[in-house]
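Structure file final.cif; described as mmCIF, C-alpha atoms and all ligand atoms.
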```
data_structure
#
loop_
_atom_site.label_atom_id
_atom_site.label_comp_id
_atom_site.auth_asym_id
_atom_site.auth_seq_id
_atom_site.Cartn_x
_atom_site.Cartn_y
_atom_site.Cartn_z
CA MET A 53 29.79 78.08 320.53
CA ASP A 54 33.33 78.58 319.43
CA GLN A 55 33.60 78.99 315.67
CA ILE A 56 36.11 76.20 315.16
CA GLU A 57 34.21 73.87 317.41
CA ARG A 58 31.08 74.59 315.43
CA ILE A 59 32.70 73.74 312.13
CA ALA A 60 34.28 70.74 313.72
CA ARG A 61 30.87 69.39 314.49
CA GLU A 62 30.19 69.25 310.78
CA HIS A 63 32.11 67.19 308.35
CA ALA A 64 33.18 64.08 309.43
CA ASP A 65 33.18 60.73 308.39
CA VAL A 66 35.47 61.75 305.55
CA SER A 67 38.20 62.92 307.83
CA ARG A 68 37.83 59.85 310.00
CA ARG A 69 38.26 57.64 306.96
CA TYR A 70 41.27 59.65 305.89
CA PHE A 71 43.01 59.06 309.17
CA LEU A 72 42.07 55.39 309.22
CA GLN A 73 43.67 55.15 305.83
CA LEU A 74 46.77 56.91 307.08
CA MET A 75 46.99 54.51 309.98
CA ALA A 76 46.65 51.57 307.62
CA THR A 77 49.35 52.80 305.26
CA GLY A 78 51.69 53.80 308.05
CA VAL A 79 52.37 57.42 307.18
CA ALA A 80 55.05 56.47 304.68
CA GLY A 81 57.89 58.81 303.95
CA LEU A 82 57.70 60.96 307.04
CA GLY A 83 61.07 59.83 308.32
CA THR A 84 59.61 58.91 311.66
CA THR A 85 58.56 55.66 313.19
CA ARG A 86 55.97 57.21 315.37
CA LEU A 87 52.62 57.08 313.68
CA TRP A 88 49.70 59.33 314.23
CA ALA A 89 47.81 56.21 315.17
CA GLU A 90 50.01 55.79 318.24
CA GLU A 91 49.60 59.42 319.01
CA HIS A 92 45.88 59.00 318.72
CA GLU A 93 45.84 56.00 321.00
CA ASN A 94 47.97 57.82 323.53
CA LYS A 95 45.19 60.35 323.51
CA THR A 96 47.71 63.14 323.16
CA HIS A 97 45.14 64.89 321.04
CA PRO A 98 41.82 64.00 322.62
CA LEU A 99 40.29 67.16 321.23
CA LEU A 100 41.17 66.21 317.71
CA ALA A 101 40.08 62.60 318.10
CA GLU A 102 36.83 63.84 319.56
CA ALA A 103 36.29 66.38 316.82
CA ILE A 104 37.07 63.94 314.03
CA SER A 105 34.56 61.48 315.35
CA LYS A 106 31.91 64.20 315.29
CA LEU A 107 32.64 65.75 311.93
CA GLU A 108 29.81 65.81 309.44
CA TYR A 109 29.52 66.98 305.85
CA LEU A 110 26.01 68.41 305.95
CA THR A 111 25.28 70.88 308.72
CA ARG A 112 22.50 70.10 311.11
CA GLU A 113 19.79 72.69 311.04
CA GLU A 114 20.45 73.79 314.61
CA ASN A 115 24.15 74.28 313.90
CA PHE A 116 23.74 76.79 311.06
CA ILE A 117 25.02 80.27 311.72
CA SER A 118 21.83 82.31 311.44
CA TYR A 119 21.12 85.69 310.00
CA GLY A 120 17.57 86.99 310.06
CA ARG A 121 16.79 90.51 311.04
CA GLY A 122 13.60 91.85 312.51
CA LYS A 123 12.26 93.18 315.76
CA PRO A 124 11.52 90.50 316.69
CA PRO A 125 12.93 88.21 314.00
CA PRO A 126 9.91 86.41 312.51
CA HIS A 127 10.86 82.97 313.84
CA LYS A 128 10.64 84.32 317.39
CA LEU A 129 7.01 85.37 317.06
CA PRO A 130 4.60 83.23 319.09
CA LEU A 131 3.00 80.40 317.11
CA GLU A 132 -0.41 82.11 317.19
CA LYS A 133 1.06 85.22 315.61
CA ARG A 134 2.95 83.20 313.04
CA ARG A 135 -0.27 81.44 312.13
CA GLU A 136 -2.03 84.79 311.78
CA VAL A 137 0.63 86.33 309.51
CA GLY A 138 1.11 83.34 307.23
CA LEU A 139 4.28 81.89 308.71
CA VAL A 140 3.04 78.35 309.12
CA ARG A 141 2.37 75.95 306.26
CA GLU A 142 -1.42 76.01 306.69
CA THR A 143 -1.68 79.80 306.38
CA TRP A 144 1.31 80.61 304.18
CA GLU A 145 0.57 82.47 300.94
CA LEU A 146 2.88 83.84 298.28
CA GLU A 147 1.92 86.80 296.13
CA VAL A 148 3.47 87.30 292.69
CA LEU A 149 2.66 90.75 291.38
CA PRO A 150 3.75 93.24 288.72
CA ASP A 151 5.62 96.23 290.14
CA PRO A 152 3.11 99.08 290.47
CA GLU A 153 6.01 101.49 290.04
CA SER A 154 7.05 100.12 286.66
CA ASN A 155 5.30 99.07 283.45
CA ALA A 156 5.84 95.32 283.83
CA LYS A 157 2.99 93.36 282.23
CA VAL A 158 1.57 90.28 283.86
CA ASP A 159 -1.65 88.52 282.76
CA ARG A 160 -2.42 86.51 285.90
CA PRO A 161 -0.99 87.98 289.07
CA LEU A 162 -1.20 85.81 292.17
CA SER A 163 -2.67 88.09 294.80
CA LYS A 164 -4.27 87.80 298.21
CA ALA A 165 -6.83 90.45 297.18
CA SER A 166 -8.15 88.32 294.32
CA GLY A 167 -7.84 85.04 296.24
CA THR A 168 -5.27 83.71 293.80
CA ALA A 169 -2.11 83.81 295.97
CA LEU A 170 -0.10 80.59 295.92
CA ASN A 171 -0.81 78.53 299.01
CA TRP A 172 0.95 75.52 300.50
CA ASP A 173 -1.29 72.89 298.87
CA ARG A 174 -0.73 74.36 295.43
CA LEU A 175 2.99 74.58 296.05
CA MET A 176 3.05 70.89 297.01
CA GLU A 177 0.98 70.03 293.95
CA LEU A 178 3.49 71.76 291.67
CA ALA A 179 6.35 70.19 293.63
CA LYS A 180 5.07 66.68 292.80
CA THR A 181 6.24 67.04 289.23
CA SER A 182 8.87 69.78 289.38
CA ALA A 183 10.68 69.73 292.73
CA VAL A 184 14.47 69.63 292.75
CA ARG A 185 16.99 68.82 295.43
CA PHE A 186 20.64 69.84 295.54
CA MET A 187 23.47 70.60 297.92
CA SER A 188 24.79 74.08 298.28
CA VAL A 189 26.69 76.05 300.86
CA MET A 190 25.09 78.96 302.71
CA SER A 191 27.62 81.74 303.21
CA CYS A 192 27.31 85.32 304.32
CA THR A 193 29.10 87.92 302.22
CA ASN A 194 31.37 89.05 305.03
CA GLY A 195 31.37 85.86 307.10
CA ARG A 196 34.67 84.10 307.66
CA SER A 197 33.26 80.58 307.65
CA PRO A 198 30.27 79.15 305.82
CA CYS A 199 26.96 79.43 307.74
CA GLY A 200 26.29 75.83 306.89
CA MET A 201 26.22 73.20 304.20
CA GLY A 202 22.70 72.17 303.20
CA LEU A 203 20.77 69.70 301.12
CA TRP A 204 17.95 71.93 299.92
CA GLU A 205 14.68 70.99 298.28
CA GLY A 206 12.16 73.19 296.53
CA LEU A 207 10.21 74.24 293.47
CA PRO A 208 12.08 76.13 290.75
CA LEU A 209 11.00 79.76 290.98
CA ARG A 210 10.47 79.88 287.22
CA GLU A 211 7.50 77.50 287.52
CA VAL A 212 5.70 80.17 289.51
CA VAL A 213 6.89 83.00 287.27
CA TRP A 214 5.32 81.20 284.29
CA LEU A 215 2.05 80.75 286.22
CA VAL A 216 1.53 84.51 286.33
CA ARG A 217 2.09 84.81 282.58
CA PRO A 218 4.45 87.76 282.27
CA THR A 219 4.06 89.27 278.81
CA GLY A 220 6.51 92.14 278.73
CA ASN A 221 8.73 94.68 280.42
CA VAL A 222 10.16 92.33 283.01
CA ARG A 223 13.86 92.67 283.70
CA ARG A 224 14.19 91.83 287.36
CA VAL A 225 12.49 89.94 290.15
CA PHE A 226 12.29 91.55 293.60
CA TYR A 227 11.29 89.52 296.61
CA TYR A 228 10.96 89.85 300.33
CA GLY A 229 9.59 88.11 303.37
CA TYR A 230 7.52 88.87 306.40
CA HIS A 231 8.89 91.92 308.19
CA ASN A 232 6.45 92.77 310.98
CA ASP A 233 4.57 94.99 308.50
CA ASP A 234 7.26 97.61 308.97
CA PRO A 235 8.92 98.83 305.74
CA GLU A 236 12.05 99.63 307.74
CA GLN A 237 12.43 95.95 308.60
CA ARG A 238 11.96 94.62 305.09
CA PHE A 239 14.83 92.46 303.84
CA GLN A 240 14.62 92.49 300.07
CA SER A 241 16.69 90.88 297.39
CA SER A 242 16.49 90.65 293.63
CA LEU A 243 17.64 88.71 290.59
CA PRO A 244 17.77 89.34 286.87
CA ILE A 245 14.85 87.51 285.25
CA GLY A 246 17.34 85.58 283.12
CA ARG A 247 18.89 83.91 286.16
CA VAL A 248 15.43 82.75 287.19
CA LEU A 249 14.41 81.39 283.79
CA GLU A 250 17.60 79.49 282.91
CA ASP A 251 20.54 77.92 284.71
CA PRO A 252 24.15 77.76 283.56
CA PRO A 253 25.28 74.18 282.86
CA GLY A 254 26.00 72.38 286.12
CA GLU A 255 24.15 75.01 288.14
CA HIS A 256 20.80 74.59 289.82
CA PRO A 257 17.60 76.55 289.59
CA VAL A 258 16.69 79.28 292.03
CA ILE A 259 14.07 77.59 294.20
CA LEU A 260 11.19 78.28 296.51
CA CYS A 261 12.77 76.15 299.20
CA TYR A 262 10.73 74.25 301.76
CA LYS A 263 13.07 71.48 302.95
CA LEU A 264 16.58 71.31 304.40
CA ASN A 265 18.34 67.97 304.89
CA GLY A 266 15.08 66.12 304.23
CA GLU A 267 13.03 67.99 306.86
CA TRP A 268 10.52 70.83 306.49
CA LEU A 269 12.28 74.15 306.70
CA THR A 270 12.16 75.34 310.32
CA PRO A 271 10.98 78.84 311.28
CA LYS A 272 14.58 79.78 312.07
CA ARG A 273 15.83 78.75 308.61
CA GLY A 274 13.09 80.86 306.99
CA GLY A 275 10.19 78.41 306.87
CA PRO A 276 7.69 77.66 305.66
CA VAL A 277 9.35 78.88 302.43
CA ARG A 278 12.53 80.77 301.65
CA MET A 279 14.23 81.69 298.42
CA LEU A 280 17.36 79.64 297.80
CA VAL A 281 19.85 80.93 295.23
CA PRO A 282 22.52 78.26 294.90
CA ASP A 283 25.33 80.31 293.35
CA ALA A 284 24.99 83.46 295.44
CA TYR A 285 25.81 84.58 298.95
CA GLY A 286 23.09 84.17 301.57
CA ASN A 287 21.63 87.65 301.20
CA LYS A 288 19.88 86.47 298.00
CA SER A 289 18.22 83.62 299.88
CA VAL A 290 15.44 85.59 301.55
CA LYS A 291 13.67 83.85 304.42
CA TRP A 292 9.96 83.87 305.40
CA LEU A 293 9.19 84.59 301.74
CA GLN A 294 5.78 86.14 301.06
CA ARG A 295 5.95 88.41 298.04
CA ILE A 296 7.60 88.41 294.62
CA ILE A 297 7.47 91.47 292.36
CA LEU A 298 8.17 91.33 288.64
CA THR A 299 9.58 94.66 287.53
CA ASN A 300 11.03 96.58 284.66
CA ASN A 301 13.39 98.28 287.10
CA TYR A 302 16.92 97.23 286.18
CA GLN A 303 18.48 97.97 289.55
CA ALA A 304 19.68 95.45 292.12
CA ASN A 305 17.92 97.40 294.84
CA ASP A 306 18.57 94.76 297.46
CA THR A 307 18.55 95.68 301.14
CA TYR A 308 22.15 94.48 301.26
CA ALA A 309 23.17 97.20 298.79
CA THR A 310 22.11 99.86 301.30
CA TRP A 311 24.27 98.08 303.88
CA ASN A 312 27.39 98.75 301.84
CA ASN A 313 27.70 95.26 300.32
CA ASP A 314 28.02 94.05 296.76
CA THR A 315 24.78 92.17 296.19
CA VAL A 316 25.76 90.18 293.11
CA SER A 317 29.02 88.50 294.17
CA HIS A 318 29.35 84.85 293.36
CA ILE A 319 30.54 82.47 296.05
CA LYS A 320 34.31 82.66 296.48
CA THR A 321 36.73 79.77 296.61
CA CYS A 322 38.68 79.82 299.89
CA ALA A 323 39.90 77.60 302.73
CA ARG A 324 39.60 77.59 306.52
CA PHE A 325 41.12 75.48 309.24
CA ILE A 326 38.94 73.21 311.36
CA HIS A 327 41.57 71.58 313.59
CA THR A 328 45.09 72.70 314.14
CA PRO A 329 47.17 71.80 317.17
CA GLN A 330 48.20 74.65 319.46
CA LYS A 331 51.29 72.80 320.67
CA ILE A 332 53.21 69.93 319.13
CA ASP A 333 56.50 68.16 319.69
CA VAL A 334 59.42 68.44 317.31
CA GLY A 335 59.32 65.74 314.64
CA GLN A 336 55.89 64.62 315.70
CA PRO A 337 53.46 64.18 312.82
CA VAL A 338 50.15 65.80 313.67
CA PRO A 339 47.05 65.96 311.50
CA ILE A 340 45.43 69.22 310.53
CA THR A 341 41.99 69.46 308.98
CA GLY A 342 39.98 72.14 307.29
CA VAL A 343 37.13 73.04 305.07
CA ALA A 344 37.26 74.65 301.64
CA GLN A 345 34.45 76.50 299.98
CA VAL A 346 34.20 75.66 296.28
CA GLY A 347 33.06 78.87 294.67
CA MET A 348 32.55 80.17 291.16
CA SER A 349 36.18 79.62 290.18
CA GLY A 350 36.20 75.97 291.27
CA LEU A 351 38.86 74.24 293.33
CA SER A 352 41.94 72.28 292.33
CA LYS A 353 44.10 72.35 295.47
CA VAL A 354 44.18 73.26 299.13
CA GLN A 355 47.56 74.30 300.48
CA TYR A 356 49.17 75.22 303.77
CA TRP A 357 52.32 77.10 304.67
CA LEU A 358 54.22 77.11 307.93
CA HIS A 359 56.29 80.16 308.71
CA PRO A 360 58.54 80.68 311.78
CA GLN A 361 57.37 83.83 313.57
CA ASP A 362 60.93 85.04 314.13
CA GLU A 363 61.70 85.08 310.40
CA LEU A 364 60.79 88.29 308.62
CA LEU A 365 57.89 88.13 306.24
CA PRO A 366 58.85 88.79 302.65
CA GLU A 367 58.34 92.31 301.43
CA ASN A 368 56.09 93.08 298.49
CA ASP A 369 54.42 89.69 298.71
CA PRO A 370 51.32 90.36 300.81
CA TYR A 371 49.56 87.18 299.69
CA PHE A 372 52.67 85.02 300.11
CA SER A 373 52.46 83.90 296.51
CA LYS A 374 56.19 83.07 296.37
CA ARG A 375 56.26 80.95 299.54
CA GLN A 376 56.68 77.21 299.92
CA TRP A 377 53.03 76.16 300.10
CA LYS A 378 52.44 72.45 300.49
CA ASP A 379 49.50 70.53 299.13
CA ALA A 380 46.94 69.14 301.54
CA ASP A 381 44.70 66.21 300.64
CA ILE A 382 41.20 67.05 299.50
CA LEU A 383 38.99 64.43 301.13
CA PRO A 384 36.67 62.31 298.98
CA PRO A 385 32.87 62.34 299.21
CA PRO A 386 31.71 60.86 302.49
CA GLU A 387 29.65 57.70 302.72
CA LEU A 388 27.63 59.14 305.55
CA TRP A 389 26.55 62.69 304.90
CA GLY A 390 25.48 63.68 308.38
CA GLY A 391 23.21 66.70 308.77
CA GLY A 392 20.69 64.58 310.65
CA LEU A 393 19.73 62.55 307.57
CA PRO A 394 18.36 59.15 308.58
CA ASP A 395 21.37 56.79 308.72
CA GLY A 396 23.41 59.58 307.15
CA LYS A 397 22.27 58.39 303.71
CA LEU A 398 21.30 60.75 300.93
CA PRO A 399 17.82 60.61 299.46
CA SER A 400 17.99 60.10 295.69
CA ILE A 401 19.42 63.20 294.11
CA PRO A 402 18.97 63.52 290.40
CA ARG A 403 21.23 66.55 290.30
CA GLN A 404 24.92 66.31 291.27
CA PHE A 405 24.73 62.53 291.81
CA ASP A 406 24.54 59.43 289.68
CA THR A 407 21.33 57.80 290.86
CA THR A 408 22.53 54.27 290.14
CA THR A 409 25.87 54.46 291.92
CA GLY A 410 24.98 57.22 294.41
CA LYS A 411 28.32 58.87 293.58
CA PRO A 412 28.66 62.51 292.67
CA HIS A 413 29.12 63.27 288.97
CA ARG A 414 32.09 65.42 289.92
CA TRP A 415 34.01 66.15 293.06
CA PRO A 416 34.31 68.65 294.52
CA ILE A 417 30.86 69.99 293.69
CA LEU A 418 30.51 73.63 292.69
CA ASN A 419 29.09 75.94 295.38
CA THR A 420 29.53 73.39 298.13
CA ILE A 421 32.33 72.59 300.55
CA VAL A 422 34.99 69.91 300.80
CA HIS A 423 37.12 68.81 303.70
CA TRP A 424 40.85 68.61 303.55
CA ALA A 425 43.57 67.25 305.76
CA ALA A 426 47.33 67.04 305.99
CA LEU A 427 50.00 65.75 308.33
CA LEU A 428 52.16 68.43 309.80
CA CYS A 429 55.64 67.48 310.98
CA VAL A 430 58.02 70.23 312.13
CA PRO A 431 61.74 69.52 312.60
CA ARG A 432 62.67 72.60 314.70
CA PRO A 433 61.15 74.08 317.86
CA GLY A 434 59.68 77.56 317.80
CA LYS A 435 56.54 79.57 317.27
CA TYR A 436 55.05 79.27 313.82
CA ASP A 437 52.25 80.82 311.80
CA LEU A 438 50.26 78.29 309.86
CA ARG A 439 48.28 79.55 306.90
CA CYS A 440 45.96 77.91 304.38
CA ARG A 441 44.74 78.86 300.94
CA THR A 442 43.21 77.27 297.85
CA ILE A 443 44.17 77.08 294.21
CA ASP A 444 41.07 77.49 292.09
CA ALA A 445 40.25 75.44 289.00
CA ASN A 446 41.93 78.09 286.87
CA GLY A 447 45.21 77.62 288.75
CA ILE A 448 44.89 80.93 290.59
CA ALA A 449 45.60 81.16 294.32
CA GLN A 450 42.56 82.16 296.34
CA PRO A 451 41.68 84.26 298.09
CA MET A 452 42.89 86.62 295.37
CA PRO A 453 44.47 89.83 296.48
CA ARG A 454 41.37 91.91 297.18
CA PRO A 455 42.14 94.03 300.19
CA PHE A 456 38.55 95.04 300.78
CA LEU A 457 35.51 93.15 301.94
CA LYS A 458 31.93 93.68 300.82
CA SER A 459 32.04 91.24 297.95
CA GLY A 460 32.75 87.96 299.66
CA HIS A 461 34.95 87.41 302.67
CA ASN A 462 38.52 87.27 301.69
CA ALA A 463 41.60 86.63 303.79
CA ILE A 464 44.25 83.97 304.15
CA GLN A 465 43.59 82.43 307.55
CA LYS A 466 46.48 82.33 310.02
CA VAL A 467 46.77 80.31 313.21
CA GLN A 468 49.67 79.87 315.63
CA VAL A 469 51.40 76.56 316.25
CA VAL A 470 54.01 76.19 318.99
CA VAL A 471 56.58 73.46 318.41
CA GLU A 472 58.40 72.23 321.52
CA GLU A 473 61.48 70.12 322.13
CA LYS A 474 60.34 66.71 323.36
CA ALA A 475 60.38 66.55 327.16
N1 LIG B 501 13.95 87.75 305.62
C1 LIG B 501 15.29 87.69 305.74
N2 LIG B 501 15.97 86.80 305.01
C2 LIG B 501 17.32 86.72 305.10
C3 LIG B 501 18.04 87.60 305.94
C4 LIG B 501 17.29 88.53 306.71
O1 LIG B 501 17.85 89.32 307.49
N3 LIG B 501 15.92 88.54 306.59
N4 LIG B 501 19.42 87.53 305.99
C5 LIG B 501 20.06 86.97 304.78
C6 LIG B 501 21.48 86.78 304.92
S1 LIG B 501 22.42 88.19 304.88
C7 LIG B 501 22.05 85.53 305.01
S2 LIG B 501 23.72 85.36 305.03
C8 LIG B 501 21.20 84.31 305.04
C9 LIG B 501 21.59 83.38 306.18
O2 LIG B 501 20.79 82.25 306.15
P1 LIG B 501 20.68 81.29 307.39
O3 LIG B 501 20.21 82.10 308.57
O4 LIG B 501 19.74 80.19 307.01
O5 LIG B 501 22.07 80.74 307.66
O6 LIG B 501 19.82 84.63 305.18
C10 LIG B 501 19.40 85.68 304.33
N5 LIG B 501 17.96 85.79 304.35
MO MO B 502 24.53 87.63 304.97
#
```
Encoded form (C-alpha cells):
Amino acid sequence: MDQIERIAREHADVSRRYFLQLMATGVAGLGTTRLWAEEHENKTHPLLAEAISKLEYLTREENFISYGRGKPPPHKLPLEKRREVGLVRETWELEVLPDPESNAKVDRPLSKASGTALNWDRLMELAKTSAVRFMSVMSCTNGRSPCGMGLWEGLPLREVVWLVRPTGNVRRVFYYGYHNDDPEQRFQSSLPIGRVLEDPPGEHPVILCYKLNGEWLTPKRGGPVRMLVPDAYGNKSVKWLQRIILTNNYQANDTYATWNNDTVSHIKTCARFIHTPQKIDVGQPVPITGVAQVGMSGLSKVQYWLHPQDELLPENDPYFSKRQWKDADILPPPELWGGGLPDGKLPSIPRQFDTTTGKPHRWPILNTIVHWAALLCVPRPGKYDLRCRTIDANGIAQPMPRPFLKSGHNAIQKVQVVVEEKA
C-alpha cells in the first residue's frame, strides 16, 4: 500500500471535524468567495474527501508497518510450532535470569529449568493489580513515517524485576525474543536498570505488553508478549519476548547497534504530509493535512512553506530557517479514536486522560502523534515545492539540522504542487 494512503487510513475524525468547522465558519479572510465546502461538493477532490472520511487516530493492527526479522519471522511459523516454542498464550514463558557472564546477583531467578519461569496465568494475575494502559507511537529509527499509533496495555517490567529480587551488580537489562534457536537471528535490546525502575514525570513505565487497541497482541505485533518502551524508537520494543537478563555489563549491546544505528535515541519531533493536492487552480483554497510526531522535545507548532520551483533556493540556509513558514492548525483530540476500538471509544485510561471527563490532561501528548491541517491558496500559477516542519516546545525548528541518519529519521519533507490557471 502506498505510504501516504496508509497514513491516510489512520487519523480521522479530527480532520473531518476540522473541515466541517471550516465549512461552518466560511473560510473567513481568504479573499475568495469559493469555499472548500463547494469544492468538496463538486467532488473536485474525491481522493481527499475519501481519505478524510477514513482517517483514524489510532492505527489498526493490520495497518502497522511491521518490522520483525527471522527466517522465518516467528509470526509466520505454523500454529503447532508456535505452540511448541511458547509463542501462544497457553505455552508462553518468560525467563528472568542473572547474566552468567557478569557478577549480577539475583536471589530468585525465574527459569524454565527450575519451573519458575513466568507464565501467562501469573502475568494476568499480576496485571489485575498493576496493569497500565497508554498511547504511544511506534516509530522505526530510520523510518520516514511512524509505523503506527497504538493504545498499549501491559504490566510494568519493574514488577517482574522485583519478583526476582536483584541484590547487587545490576546496571542494565538485556532482553530478546524467540529467534528460531539461532543466535544469528536473535534481536536483542537493552535498557539501563534505572529506566525500568522509575519513570520521568509524564512518562510511562516500560511494559510487558500484551494488548494493542484493546485486543490481545497478535503474533505479527509480537504476541503473546512484547516489550514496549514508550519513549524510545521501536528497536527497544522487542517482540515475541521470552528472556530477560539482568547484568552488570554497562554496554547497550543491542542488535541495532551492530546495524549501525544509535540505540538510545529518543523519539524525534517532526512532521509529515498526509494529503496534499498534486494540482490546484489559482486562487482556489485547498486543504492539506498531515501528521506530526511529538517527540522528546515536545511540539508547539506545525508549519508549511510553499516555494516556487523556478526561484533559486537561498544559499547557506539548508534547513530554510529564514523562509516564510506559515502556521498550520494542530487538530484537537478526536472524539472517536479509531484503531478498531468498539465504537471508537477509549477504554478508561488512568494515564494521559482525566477519567471523569475523558479528556487528555495535555494535548498534544508526548511520544504520540497529532494531526494538522491548513488551507492552501496560491495566487500565481506555477510549479511549487511544499514543505512541512515542526517547532518543538522549546521553540526550535525540527527536524534540527542533523545531516545524518541513524539516530531518528530526520528530513524536511517536500512534495510538489502544480498550480494552474483556471480553465
Ligand atoms: N524480536 C524482534 N523484535 C523487534 C524487531 C525484530 O526484528 N525482532 N524489530 C524491532 C524494530 S527495529 C521495530 S521498528 C519495531 C516495529 O514494531 P512493529 O512491527 O510492531 O511495528 O519492532 C522491534 N521489535
Ligand atoms: Mo526499527
Problem set entry | Residue contacts of A:Pro337 (6 Å, all atoms listed in the file) excluding same-chain residues fewer than 3 positions away, as an MDAnalysis selection string | chainID A and resid 427:429
Per residue of stretch 283-336 of chain A within 12 Å of stretch 248-255 of chain A, note the shortest atom pair and the distance in Å to one decimal, counting all atoms listed in the file, and order the rows by chain and increasing residue number, as a Markdown table.
```
| residue | atom | partner | partner_atom | distance |
| --- | --- | --- | --- | --- |
| A:Asp283 | CA | A:Glu255 | CA | 7.5 |
| A:Ala284 | CA | A:Glu255 | CA | 11.2 |
| A:Leu298 | CA | A:Val248 | CA | 11.3 |
```
Export of prior selection with C-alpha atoms as a tab-separated table (two decimals), keeping the file's coordinate frame:
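Contents of result.tsv, freshly written:
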```
chain	number	residue	atom	x	y	z
A	283	ASP	CA	25.33	80.31	293.35
A	284	ALA	CA	24.99	83.46	295.44
A	298	LEU	CA	8.17	91.33	288.64
```
Please provide the set of residues having any atom within 6 Å of stretch 415-424 of chain A, restricted to only C-alpha atoms, with same-chain residues fewer than 2 positions apart removed, written as a compact mmCIF listing (two decimals) with C-alpha atoms, in the frame of the given file.
```
# COMPACT_ATOMS: atom_id res chain seq x y z
CA SER A 188 24.79 74.08 298.28
CA VAL A 189 26.69 76.05 300.86
CA THR A 341 41.99 69.46 308.98
CA GLY A 342 39.98 72.14 307.29
CA VAL A 343 37.13 73.04 305.07
CA ALA A 344 37.26 74.65 301.64
CA GLN A 345 34.45 76.50 299.98
CA VAL A 346 34.20 75.66 296.28
CA GLY A 347 33.06 78.87 294.67
CA ASP A 381 44.70 66.21 300.64
CA ILE A 382 41.20 67.05 299.50
CA LEU A 383 38.99 64.43 301.13
```
Closest atom pairs, chain A residues within 7 Å of ligand LIG 501 (chain B), only C-alpha atoms and all ligand atoms, as JSON lines:
```
{"residue": "A:Phe116", "atom": "CA", "partner": "B:LIG501", "partner_atom": "O5", "distance": 5.5}
{"residue": "A:Ile117", "atom": "CA", "partner": "B:LIG501", "partner_atom": "O5", "distance": 5.0}
{"residue": "A:Ser118", "atom": "CA", "partner": "B:LIG501", "partner_atom": "O3", "distance": 3.3}
{"residue": "A:Tyr119", "atom": "CA", "partner": "B:LIG501", "partner_atom": "O3", "distance": 4.0}
{"residue": "A:Gly120", "atom": "CA", "partner": "B:LIG501", "partner_atom": "O1", "distance": 3.5}
{"residue": "A:Arg121", "atom": "CA", "partner": "B:LIG501", "partner_atom": "O1", "distance": 3.9}
{"residue": "A:Met190", "atom": "CA", "partner": "B:LIG501", "partner_atom": "O5", "distance": 6.1}
{"residue": "A:Ser191", "atom": "CA", "partner": "B:LIG501", "partner_atom": "S2", "distance": 5.6}
{"residue": "A:Cys192", "atom": "CA", "partner": "B:LIG501", "partner_atom": "S2", "distance": 3.7}
{"residue": "A:Thr193", "atom": "CA", "partner": "B:LIG501", "partner_atom": "S2", "distance": 6.6}
{"residue": "A:Cys199", "atom": "CA", "partner": "B:LIG501", "partner_atom": "O5", "distance": 5.1}
{"residue": "A:Gly200", "atom": "CA", "partner": "B:LIG501", "partner_atom": "O5", "distance": 6.5}
{"residue": "A:Tyr228", "atom": "CA", "partner": "B:LIG501", "partner_atom": "N1", "distance": 6.4}
{"residue": "A:Gly229", "atom": "CA", "partner": "B:LIG501", "partner_atom": "N1", "distance": 4.9}
{"residue": "A:Tyr230", "atom": "CA", "partner": "B:LIG501", "partner_atom": "N1", "distance": 6.6}
{"residue": "A:Phe239", "atom": "CA", "partner": "B:LIG501", "partner_atom": "N3", "distance": 4.9}
{"residue": "A:Arg273", "atom": "CA", "partner": "B:LIG501", "partner_atom": "O4", "distance": 4.5}
{"residue": "A:Gly274", "atom": "CA", "partner": "B:LIG501", "partner_atom": "O4", "distance": 6.7}
{"residue": "A:Tyr285", "atom": "CA", "partner": "B:LIG501", "partner_atom": "S2", "distance": 6.5}
{"residue": "A:Gly286", "atom": "CA", "partner": "B:LIG501", "partner_atom": "S2", "distance": 3.7}
{"residue": "A:Asn287", "atom": "CA", "partner": "B:LIG501", "partner_atom": "S1", "distance": 3.8}
{"residue": "A:Lys288", "atom": "CA", "partner": "B:LIG501", "partner_atom": "C10", "distance": 6.4}
{"residue": "A:Ser289", "atom": "CA", "partner": "B:LIG501", "partner_atom": "N5", "distance": 5.0}
{"residue": "A:Val290", "atom": "CA", "partner": "B:LIG501", "partner_atom": "N2", "distance": 3.7}
{"residue": "A:Lys291", "atom": "CA", "partner": "B:LIG501", "partner_atom": "N2", "distance": 3.8}
{"residue": "A:Trp292", "atom": "CA", "partner": "B:LIG501", "partner_atom": "N1", "distance": 5.6}
{"residue": "A:Leu293", "atom": "CA", "partner": "B:LIG501", "partner_atom": "N1", "distance": 6.9}
```
File of the preceding selection, C-alpha atoms, as a JSON list (two decimals), in the coordinates of the input:
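Okay, this is what ended up in result.json:
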```json
[["chain", "number", "residue", "atom", "x", "y", "z"],
["A", 116, "PHE", "CA", 23.74, 76.79, 311.06],
["A", 117, "ILE", "CA", 25.02, 80.27, 311.72],
["A", 118, "SER", "CA", 21.83, 82.31, 311.44],
["A", 119, "TYR", "CA", 21.12, 85.69, 310.00],
["A", 120, "GLY", "CA", 17.57, 86.99, 310.06],
["A", 121, "ARG", "CA", 16.79, 90.51, 311.04],
["A", 190, "MET", "CA", 25.09, 78.96, 302.71],
["A", 191, "SER", "CA", 27.62, 81.74, 303.21],
["A", 192, "CYS", "CA", 27.31, 85.32, 304.32],
["A", 193, "THR", "CA", 29.10, 87.92, 302.22],
["A", 199, "CYS", "CA", 26.96, 79.43, 307.74],
["A", 200, "GLY", "CA", 26.29, 75.83, 306.89],
["A", 228, "TYR", "CA", 10.96, 89.85, 300.33],
["A", 229, "GLY", "CA", 9.59, 88.11, 303.37],
["A", 230, "TYR", "CA", 7.52, 88.87, 306.40],
["A", 239, "PHE", "CA", 14.83, 92.46, 303.84],
["A", 273, "ARG", "CA", 15.83, 78.75, 308.61],
["A", 274, "GLY", "CA", 13.09, 80.86, 306.99],
["A", 285, "TYR", "CA", 25.81, 84.58, 298.95],
["A", 286, "GLY", "CA", 23.09, 84.17, 301.57],
["A", 287, "ASN", "CA", 21.63, 87.65, 301.20],
["A", 288, "LYS", "CA", 19.88, 86.47, 298.00],
["A", 289, "SER", "CA", 18.22, 83.62, 299.88],
["A", 290, "VAL", "CA", 15.44, 85.59, 301.55],
["A", 291, "LYS", "CA", 13.67, 83.85, 304.42],
["A", 292, "TRP", "CA", 9.96, 83.87, 305.40],
["A", 293, "LEU", "CA", 9.19, 84.59, 301.74]]
```
